[in-house]
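Report on one structure; see the data block that follows.
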Amino acid sequence: MPEKRIVLRNCGVIDPRDMSSYLAHDGFKGLEKALSLTPEQVIEEVKTSGLRGRGGAGFPAGMKWELTRKSPGDEKYLICNADEGEVGTFKDRYILQNDPFSLVEAIAIAGYAIGAKKGFIYLRAEYHYLRPMLANAIDQARAKGFLSHMDIEIRMGAGAYVCGEESALMESIEGKRGEVRYRPPFPPTKGLFGKPTVINNVETLMNIPAIMLNGARWFNQIGTERSKGTKVFSVAGDVPRPGVYEMVLGSKLRELVQDLAGATDIKAIQIGGATGRLIPESMLDTPLAFENLLGAGAITVFNSHRDIIDIVYRTMEFLAEESCGKCVPCRQGTEVMVETLERFMHGEGEERDVKVLQELSSTMMLTSLCGLGQAAPNPVIDSLQYFKDAYESRIKARGEVKV
Amino acid sequence: MAENTTITQSKETKDLLILLAQTQKKCGFLSEETLANLARTLDMSLSDVYGVATFYSFLSTKPLGRHVIRVCKSLPCHYKDAAVIIESLEKTLGIKTGETTPDGRFSLELTNCIGACDKAPAILINDDVHGDLTVDRIPQILQAYK
Ligand SMILES: Cc1cc2nc3c(=O)[nH]c(=O)nc-3n(C[C@H](O)[C@H](O)[C@H](O)COP(=O)(O)O)c2cc1C
Ligand code: FES
């Protein structure tokens, strides 16, 4: 399946500083269409389109909107998640740099649909340099009257990966430590400041103007049974052409990393960043879709010179550093995993350490409070499944293999 | 209409994180005295204020240099020889990571992925990204930060 531009349709085409060039490319026509419908009809369109969240979890966007719309109360919020902290991801940065207007239009549509008078864009501190252009887009939209039904405020993060997690993010907008919340209640009933809230990833929202303009049925025909539309991928690591690529969902991983990014020497690929999957070259024909492999679209390629244990160790070190520390399985589990992997790094790993890793993995998956701790064991589990040799050869080198 | 609300948050905000970020921008770091003052103004406990100040890696409770260099150490950058960049910066500045030059000009820190992996190895100096870094380019880049 080919490359296709829906989300990135304006990137490199319009001048991201100048509203008139956006208007010349159907800018704000999606909002116009939305405003000619009732909020319920807009939500119905989004539901019919089959659009699912692009921030990692893949929750149906229309359903989230509907739940929030139907929650009682006049005060509701829309949050655009631009925290993009996953290792190896830079697609939202690329979108914000090249087409901030579509995002503003999408937020205006979403705000109208759910009944939010206020929208927030939570921008990671590392992306502070994107703020002026984004603010400019908001100001221009406001000046043209496109935001008469709501206002949009940019909120800066302050350096915390976990603040990309929706409940931690809301804590952060409220000015607190970015610690995750117990759920339920979920954001559509009780979110920001205790009010019904929709939180969507940048890329999820970017699809909205096109869906409004071309219709849900058009969108629904692209992709696979359970994965509609396209996905924007950030490809980095050992490839000659790192960058951002948008493909129809269901495309093969091989097309992305070999044909587009030009990888020739592949040992392993990390899909979805630190909490994502680590797979071998033999799985290159896996379709990129929610029903197979996806995540937020970070694709990091490792060549045959890279050491699997080193990859897993550094990934775990990241997760241990970024754990918010609220729940024990995540806070302690990631620490113990780092220590255990460190032993392998120093050639001191033993057979029983593998057992510790396995047992710890299931505990963390079952008992952690949020996606960070639940998914933190992924690189360990995958490396034990697909690259067992990396562990065994080190155990053997220590002369302790008992099999 | 309220034109610049996206740029300047309302002056009398009670949002602790915004206040901390503003104070850090003005004073360079968050001293104990600053935190105590904030706690008093917001009618919060000092430990709550301290808790927020220390949660976020871009906030600092110790003095920093005028310019903060953050070198990305995450995997894509690491495998594009980030270690060589770190070593070169340490040598050029005469400090180790985590330290500040005696003249107060630069602090050197390590950080996780800054979303510039397509330009690895990458660093942030204050708000600016410098990507596709090579050791040769470092002196020239640093010159722009007085
Ligand atoms: C540790 C962690 C980090 C996350 N980071 C991000 C992020 O940077 N950006 C993002 O959009 N979603 C992130 N998410 C997912 C959010 O919690 C949430 O599912 C998402 O913003 C919902 O938007 P969507 O439905 O449009 O995907 C993260 C989740 C976890 C557990
Ligand atoms: S890994 Fe260095 S910028 Fe992403």
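A note on labels: chains of the structure tokens are A, B, ... as shown, every chain counts residues from 1, and ligands are counted from 1 in their shown order.
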Residues within 9 Å of ligand 1, counting only C-alpha atoms and all ligand atoms: report them as a ChimeraX atom specification.
/A:52-61,64,79-86,89,92,124,161-169,198-205,275,296,319,322-323,370-376
If the cut-off is 8 Å, can you tell me the residues of chain B near chain A, counting only C-alpha atoms? I'd like them as a ChimeraX atom specification.
/B:3-7,15-18,21,51-52,55-59,74-77,79-80,112-118,124,127-128
With only C-alpha atoms and all ligand atoms as the basis for distance, which of A:Lys190, A:Pro209, A:Leu96, A:Ala298 is at the shortest distance from ligand 2?
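Using only C-alpha atoms and all ligand atoms, the shortest distance to ligand 2 belongs to A:Ala298.
In this model, the gap between atom CA of Ala34 of chain A and atom CA of Ala216 of chain A comes to 12.3 Å.
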Enumerate, as JSON, numbers by chain, the complete set of residues in segment 190-225 of chain A that a backbone-based DSSP assignment places in helix (DSSP H, G or I).
{"A": [192, 193, 194, 202, 203, 204, 205, 206, 208, 209, 210, 211, 212, 213, 214, 216, 217, 218, 219, 220]}
Saved selection, atoms kept: N, CA, C and O atoms, as a PDB file, in the first residue's frame:
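See selection02.pdb below for the written result:
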ATOM      1  N   LEU A 192      -9.999  17.573  33.081  1.00  0.00           N
ATOM      2  CA  LEU A 192      -9.284  18.773  33.512  1.00  0.00           C
ATOM      3  C   LEU A 192     -10.149  19.587  34.464  1.00  0.00           C
ATOM      4  O   LEU A 192     -11.324  19.855  34.170  1.00  0.00           O
ATOM      5  N   PHE A 193      -9.588  20.003  35.570  1.00  0.00           N
ATOM      6  CA  PHE A 193     -10.300  20.743  36.616  1.00  0.00           C
ATOM      7  C   PHE A 193     -11.604  20.038  37.004  1.00  0.00           C
ATOM      8  O   PHE A 193     -12.598  20.673  37.363  1.00  0.00           O
ATOM      9  N   GLY A 194     -11.611  18.714  36.871  1.00  0.00           N
ATOM     10  CA  GLY A 194     -12.781  17.936  37.247  1.00  0.00           C
ATOM     11  C   GLY A 194     -13.928  17.999  36.238  1.00  0.00           C
ATOM     12  O   GLY A 194     -15.011  17.486  36.503  1.00  0.00           O
ATOM     13  N   VAL A 202      -2.052  15.298  18.571  1.00  0.00           N
ATOM     14  CA  VAL A 202      -1.963  16.234  17.440  1.00  0.00           C
ATOM     15  C   VAL A 202      -2.411  15.573  16.138  1.00  0.00           C
ATOM     16  O   VAL A 202      -3.253  16.098  15.406  1.00  0.00           O
ATOM     17  N   GLU A 203      -1.851  14.407  15.865  1.00  0.00           N
ATOM     18  CA  GLU A 203      -2.127  13.754  14.576  1.00  0.00           C
ATOM     19  C   GLU A 203      -3.587  13.320  14.461  1.00  0.00           C
ATOM     20  O   GLU A 203      -4.177  13.417  13.379  1.00  0.00           O
ATOM     21  N   THR A 204      -4.176  12.849  15.552  1.00  0.00           N
ATOM     22  CA  THR A 204      -5.599  12.477  15.530  1.00  0.00           C
ATOM     23  C   THR A 204      -6.419  13.661  15.042  1.00  0.00           C
ATOM     24  O   THR A 204      -7.239  13.543  14.125  1.00  0.00           O
ATOM     25  N   LEU A 205      -6.162  14.810  15.665  1.00  0.00           N
ATOM     26  CA  LEU A 205      -6.928  16.010  15.326  1.00  0.00           C
ATOM     27  C   LEU A 205      -6.689  16.448  13.889  1.00  0.00           C
ATOM     28  O   LEU A 205      -7.604  16.924  13.211  1.00  0.00           O
ATOM     29  N   MET A 206      -5.484  16.266  13.399  1.00  0.00           N
ATOM     30  CA  MET A 206      -5.143  16.714  12.039  1.00  0.00           C
ATOM     31  C   MET A 206      -6.019  16.051  10.976  1.00  0.00           C
ATOM     32  O   MET A 206      -6.143  16.555   9.863  1.00  0.00           O
ATOM     33  N   ILE A 208      -9.222  15.602  11.250  1.00  0.00           N
ATOM     34  CA  ILE A 208     -10.603  16.073  11.362  1.00  0.00           C
ATOM     35  C   ILE A 208     -11.046  17.011  10.219  1.00  0.00           C
ATOM     36  O   ILE A 208     -12.109  16.776   9.619  1.00  0.00           O
ATOM     37  N   PRO A 209     -10.254  18.048   9.883  1.00  0.00           N
ATOM     38  CA  PRO A 209     -10.723  18.927   8.798  1.00  0.00           C
ATOM     39  C   PRO A 209     -10.961  18.154   7.500  1.00  0.00           C
ATOM     40  O   PRO A 209     -11.977  18.389   6.814  1.00  0.00           O
ATOM     41  N   ALA A 210     -10.089  17.225   7.168  1.00  0.00           N
ATOM     42  CA  ALA A 210     -10.253  16.452   5.933  1.00  0.00           C
ATOM     43  C   ALA A 210     -11.492  15.565   6.005  1.00  0.00           C
ATOM     44  O   ALA A 210     -12.206  15.396   5.009  1.00  0.00           O
ATOM     45  N   ILE A 211     -11.761  15.001   7.176  1.00  0.00           N
ATOM     46  CA  ILE A 211     -12.955  14.163   7.330  1.00  0.00           C
ATOM     47  C   ILE A 211     -14.218  15.008   7.142  1.00  0.00           C
ATOM     48  O   ILE A 211     -15.165  14.604   6.468  1.00  0.00           O
ATOM     49  N   MET A 212     -14.193  16.204   7.704  1.00  0.00           N
ATOM     50  CA  MET A 212     -15.352  17.092   7.556  1.00  0.00           C
ATOM     51  C   MET A 212     -15.582  17.443   6.093  1.00  0.00           C
ATOM     52  O   MET A 212     -16.692  17.424   5.580  1.00  0.00           O
ATOM     53  N   LEU A 213     -14.475  17.745   5.433  1.00  0.00           N
ATOM     54  CA  LEU A 213     -14.557  18.240   4.058  1.00  0.00           C
ATOM     55  C   LEU A 213     -14.919  17.137   3.065  1.00  0.00           C
ATOM     56  O   LEU A 213     -15.740  17.328   2.176  1.00  0.00           O
ATOM     57  N   ASN A 214     -14.293  15.971   3.223  1.00  0.00           N
ATOM     58  CA  ASN A 214     -14.479  14.903   2.233  1.00  0.00           C
ATOM     59  C   ASN A 214     -15.506  13.860   2.659  1.00  0.00           C
ATOM     60  O   ASN A 214     -15.854  12.979   1.869  1.00  0.00           O
ATOM     61  N   ALA A 216     -17.137  11.242   5.968  1.00  0.00           N
ATOM     62  CA  ALA A 216     -16.698  10.074   6.730  1.00  0.00           C
ATOM     63  C   ALA A 216     -16.508   8.857   5.818  1.00  0.00           C
ATOM     64  O   ALA A 216     -15.620   8.040   6.027  1.00  0.00           O
ATOM     65  N   ARG A 217     -17.359   8.769   4.787  1.00  0.00           N
ATOM     66  CA  ARG A 217     -17.301   7.568   3.957  1.00  0.00           C
ATOM     67  C   ARG A 217     -16.015   7.499   3.155  1.00  0.00           C
ATOM     68  O   ARG A 217     -15.439   6.441   2.960  1.00  0.00           O
ATOM     69  N   TRP A 218     -15.579   8.652   2.702  1.00  0.00           N
ATOM     70  CA  TRP A 218     -14.284   8.731   2.003  1.00  0.00           C
ATOM     71  C   TRP A 218     -13.159   8.201   2.907  1.00  0.00           C
ATOM     72  O   TRP A 218     -12.365   7.363   2.497  1.00  0.00           O
ATOM     73  N   PHE A 219     -13.147   8.671   4.141  1.00  0.00           N
ATOM     74  CA  PHE A 219     -12.086   8.284   5.075  1.00  0.00           C
ATOM     75  C   PHE A 219     -12.170   6.801   5.406  1.00  0.00           C
ATOM     76  O   PHE A 219     -11.154   6.098   5.478  1.00  0.00           O
ATOM     77  N   ASN A 220     -13.387   6.356   5.576  1.00  0.00           N
ATOM     78  CA  ASN A 220     -13.639   4.982   5.996  1.00  0.00           C
ATOM     79  C   ASN A 220     -13.187   3.944   4.979  1.00  0.00           C
ATOM     80  O   ASN A 220     -13.008   2.766   5.296  1.00  0.00           O
TER      81      ASN A 220
END
Run DSSP on the backbone and tell me which residues of segment 30-98 of chain B come out as strand (DSSP E); list them as a PDB file with N, CA, C and O atoms, in the first residue's frame.
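Contents of selection27.pdb, as written:
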ATOM      1  N   HIS B  67      23.324  30.046  29.694  1.00  0.00           N
ATOM      2  CA  HIS B  67      22.843  29.190  28.613  1.00  0.00           C
ATOM      3  C   HIS B  67      22.922  27.727  29.047  1.00  0.00           C
ATOM      4  O   HIS B  67      23.946  27.306  29.565  1.00  0.00           O
ATOM      5  N   VAL B  68      21.837  27.025  28.824  1.00  0.00           N
ATOM      6  CA  VAL B  68      21.824  25.616  29.227  1.00  0.00           C
ATOM      7  C   VAL B  68      21.909  24.732  27.976  1.00  0.00           C
ATOM      8  O   VAL B  68      21.071  24.820  27.081  1.00  0.00           O
ATOM      9  N   ILE B  69      22.938  23.911  27.954  1.00  0.00           N
ATOM     10  CA  ILE B  69      23.107  22.966  26.852  1.00  0.00           C
ATOM     11  C   ILE B  69      22.558  21.621  27.312  1.00  0.00           C
ATOM     12  O   ILE B  69      22.966  21.099  28.351  1.00  0.00           O
ATOM     13  N   ARG B  70      21.632  21.075  26.555  1.00  0.00           N
ATOM     14  CA  ARG B  70      21.086  19.762  26.896  1.00  0.00           C
ATOM     15  C   ARG B  70      21.397  18.812  25.747  1.00  0.00           C
ATOM     16  O   ARG B  70      20.897  18.990  24.634  1.00  0.00           O
ATOM     17  N   VAL B  71      22.207  17.817  26.035  1.00  0.00           N
ATOM     18  CA  VAL B  71      22.592  16.871  24.994  1.00  0.00           C
ATOM     19  C   VAL B  71      21.672  15.664  25.058  1.00  0.00           C
ATOM     20  O   VAL B  71      21.488  15.058  26.111  1.00  0.00           O
ATOM     21  N   CYS B  72      21.090  15.296  23.924  1.00  0.00           N
ATOM     22  CA  CYS B  72      20.205  14.140  23.903  1.00  0.00           C
ATOM     23  C   CYS B  72      21.011  12.857  24.016  1.00  0.00           C
ATOM     24  O   CYS B  72      21.974  12.647  23.287  1.00  0.00           O
TER      25      CYS B  72
END
For a test of reading the model, state the distance in Å between atom CA of Asp382 of chain A and atom CA of Gln258 of chain A, rounded to one decimal.
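Going from atom CA of Asp382 of chain A over to atom CA of Gln258 of chain A, I get 21.9 Å.
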Skip Arg137 of chain B itself and residues of its chain fewer than 4 positions away, then list as number ranges by chain all residues within 12 Å of it, counting only C-alpha atoms.
B: 85, 88-89, 92, 130-133, 141-144
Preceding selection exported with all heavy atoms as a compact mmCIF listing (two decimals), in the first residue's frame:
# COMPACT_ATOMS: atom_id res chain seq x y z
N ILE B 85 30.07 13.77 21.12
CA ILE B 85 29.64 15.17 21.27
C ILE B 85 29.75 15.59 22.74
O ILE B 85 30.25 16.68 23.05
CB ILE B 85 28.16 15.32 20.81
CG1 ILE B 85 27.99 14.89 19.34
CG2 ILE B 85 27.65 16.74 21.04
CD1 ILE B 85 28.70 15.75 18.33
N SER B 88 33.36 16.07 23.66
CA SER B 88 33.90 17.28 23.06
C SER B 88 33.40 18.54 23.77
O SER B 88 34.15 19.49 24.00
CB SER B 88 33.52 17.31 21.58
OG SER B 88 33.69 18.59 21.06
N LEU B 89 32.13 18.54 24.14
CA LEU B 89 31.58 19.68 24.88
C LEU B 89 32.25 19.81 26.24
O LEU B 89 32.60 20.90 26.68
CB LEU B 89 30.06 19.52 25.05
CG LEU B 89 29.20 19.93 23.86
CD1 LEU B 89 27.78 19.40 24.00
CD2 LEU B 89 29.19 21.45 23.68
N THR B 92 35.72 21.24 25.59
CA THR B 92 35.68 22.64 25.17
C THR B 92 35.32 23.55 26.34
O THR B 92 35.90 24.63 26.51
CB THR B 92 34.63 22.85 24.05
OG1 THR B 92 34.83 21.84 23.07
CG2 THR B 92 34.76 24.21 23.42
N HIS B 130 20.11 22.14 17.75
CA HIS B 130 21.21 22.00 16.80
C HIS B 130 21.34 20.53 16.48
O HIS B 130 21.67 19.73 17.35
CB HIS B 130 22.51 22.55 17.40
CG HIS B 130 22.43 24.01 17.75
ND1 HIS B 130 22.66 25.00 16.84
CD2 HIS B 130 22.10 24.64 18.91
CE1 HIS B 130 22.49 26.19 17.42
NE2 HIS B 130 22.15 25.99 18.68
N GLY B 131 21.07 20.20 15.22
CA GLY B 131 21.07 18.80 14.83
C GLY B 131 22.18 18.47 13.86
O GLY B 131 22.95 19.35 13.45
N ASP B 132 22.26 17.19 13.49
CA ASP B 132 23.33 16.68 12.62
C ASP B 132 24.68 17.23 13.09
O ASP B 132 25.50 17.68 12.30
CB ASP B 132 23.07 17.09 11.17
CG ASP B 132 21.86 16.37 10.60
OD1 ASP B 132 21.69 15.17 10.88
OD2 ASP B 132 21.07 17.01 9.88
N LEU B 133 24.88 17.17 14.39
CA LEU B 133 26.07 17.79 14.98
C LEU B 133 27.34 17.03 14.65
O LEU B 133 27.36 15.80 14.60
CB LEU B 133 25.92 17.79 16.50
CG LEU B 133 25.46 19.05 17.17
CD1 LEU B 133 25.64 18.88 18.67
CD2 LEU B 133 26.26 20.24 16.67
N ILE B 141 29.17 26.99 17.01
CA ILE B 141 27.82 27.07 17.57
C ILE B 141 27.84 27.78 18.92
O ILE B 141 27.02 28.65 19.20
CB ILE B 141 27.21 25.66 17.70
CG1 ILE B 141 26.88 25.10 16.31
CG2 ILE B 141 25.94 25.69 18.57
CD1 ILE B 141 26.43 23.66 16.30
N LEU B 142 28.81 27.41 19.75
CA LEU B 142 28.87 28.00 21.10
C LEU B 142 29.10 29.50 21.05
O LEU B 142 28.61 30.24 21.91
CB LEU B 142 29.97 27.32 21.93
CG LEU B 142 29.73 25.84 22.27
CD1 LEU B 142 30.83 25.33 23.19
CD2 LEU B 142 28.36 25.64 22.92
N GLN B 143 29.83 29.95 20.04
CA GLN B 143 30.17 31.38 19.92
C GLN B 143 28.93 32.28 19.92
O GLN B 143 28.99 33.43 20.37
CB GLN B 143 30.92 31.62 18.62
CG GLN B 143 32.40 31.85 18.83
CD GLN B 143 33.11 32.05 17.52
OE1 GLN B 143 32.51 32.50 16.55
NE2 GLN B 143 34.39 31.71 17.51
N ALA B 144 27.83 31.75 19.41
CA ALA B 144 26.63 32.58 19.31
C ALA B 144 25.98 32.84 20.67
O ALA B 144 25.08 33.65 20.78
CB ALA B 144 25.64 31.90 18.38
Just want the 10 Å neighbourhood of Lys195 of chain A, counted on only C-alpha atoms, with same-chain residues fewer than 6 positions away dropped. Output as a list in words.
Thr68, Ser71, Pro72, Gly73, Asp74, Glu75, Lys76, Tyr77, Pro187, Pro188 and Thr189 of chain A
Near-Thr34 of chain B list (10 Å; only C-alpha atoms; drop same-chain fewer than 3 positions) as a PyMOL selection string
chain B and resi 20+23-24+27+29-31+37-40+61
Taking C-alpha atoms for each residue, export the selection above as an mmCIF file, in the first residue's frame.
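For reference, out-v7.cif as written:
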data_model
loop_
_atom_site.group_PDB
_atom_site.id
_atom_site.type_symbol
_atom_site.label_atom_id
_atom_site.label_comp_id
_atom_site.auth_asym_id
_atom_site.auth_seq_id
_atom_site.Cartn_x
_atom_site.Cartn_y
_atom_site.Cartn_z
ATOM 1 C CA LEU B 20 7.693 28.491 38.587
ATOM 2 C CA THR B 23 10.406 32.752 37.916
ATOM 3 C CA GLN B 24 13.024 30.427 36.542
ATOM 4 C CA CYS B 27 16.016 34.464 37.950
ATOM 5 C CA PHE B 29 16.829 29.082 38.861
ATOM 6 C CA LEU B 30 14.488 28.510 41.787
ATOM 7 C CA SER B 31 16.131 29.390 45.079
ATOM 8 C CA ASN B 37 7.814 33.220 48.801
ATOM 9 C CA LEU B 38 5.716 31.422 46.232
ATOM 10 C CA ALA B 39 4.373 29.063 48.881
ATOM 11 C CA ARG B 40 3.330 32.040 50.990
ATOM 12 C CA THR B 61 16.597 24.383 42.237
#
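Reported to one decimal place, the separation of atom CA of Leu256 of chain A from atom CA of Lys388 of chain A is 26.3 Å.
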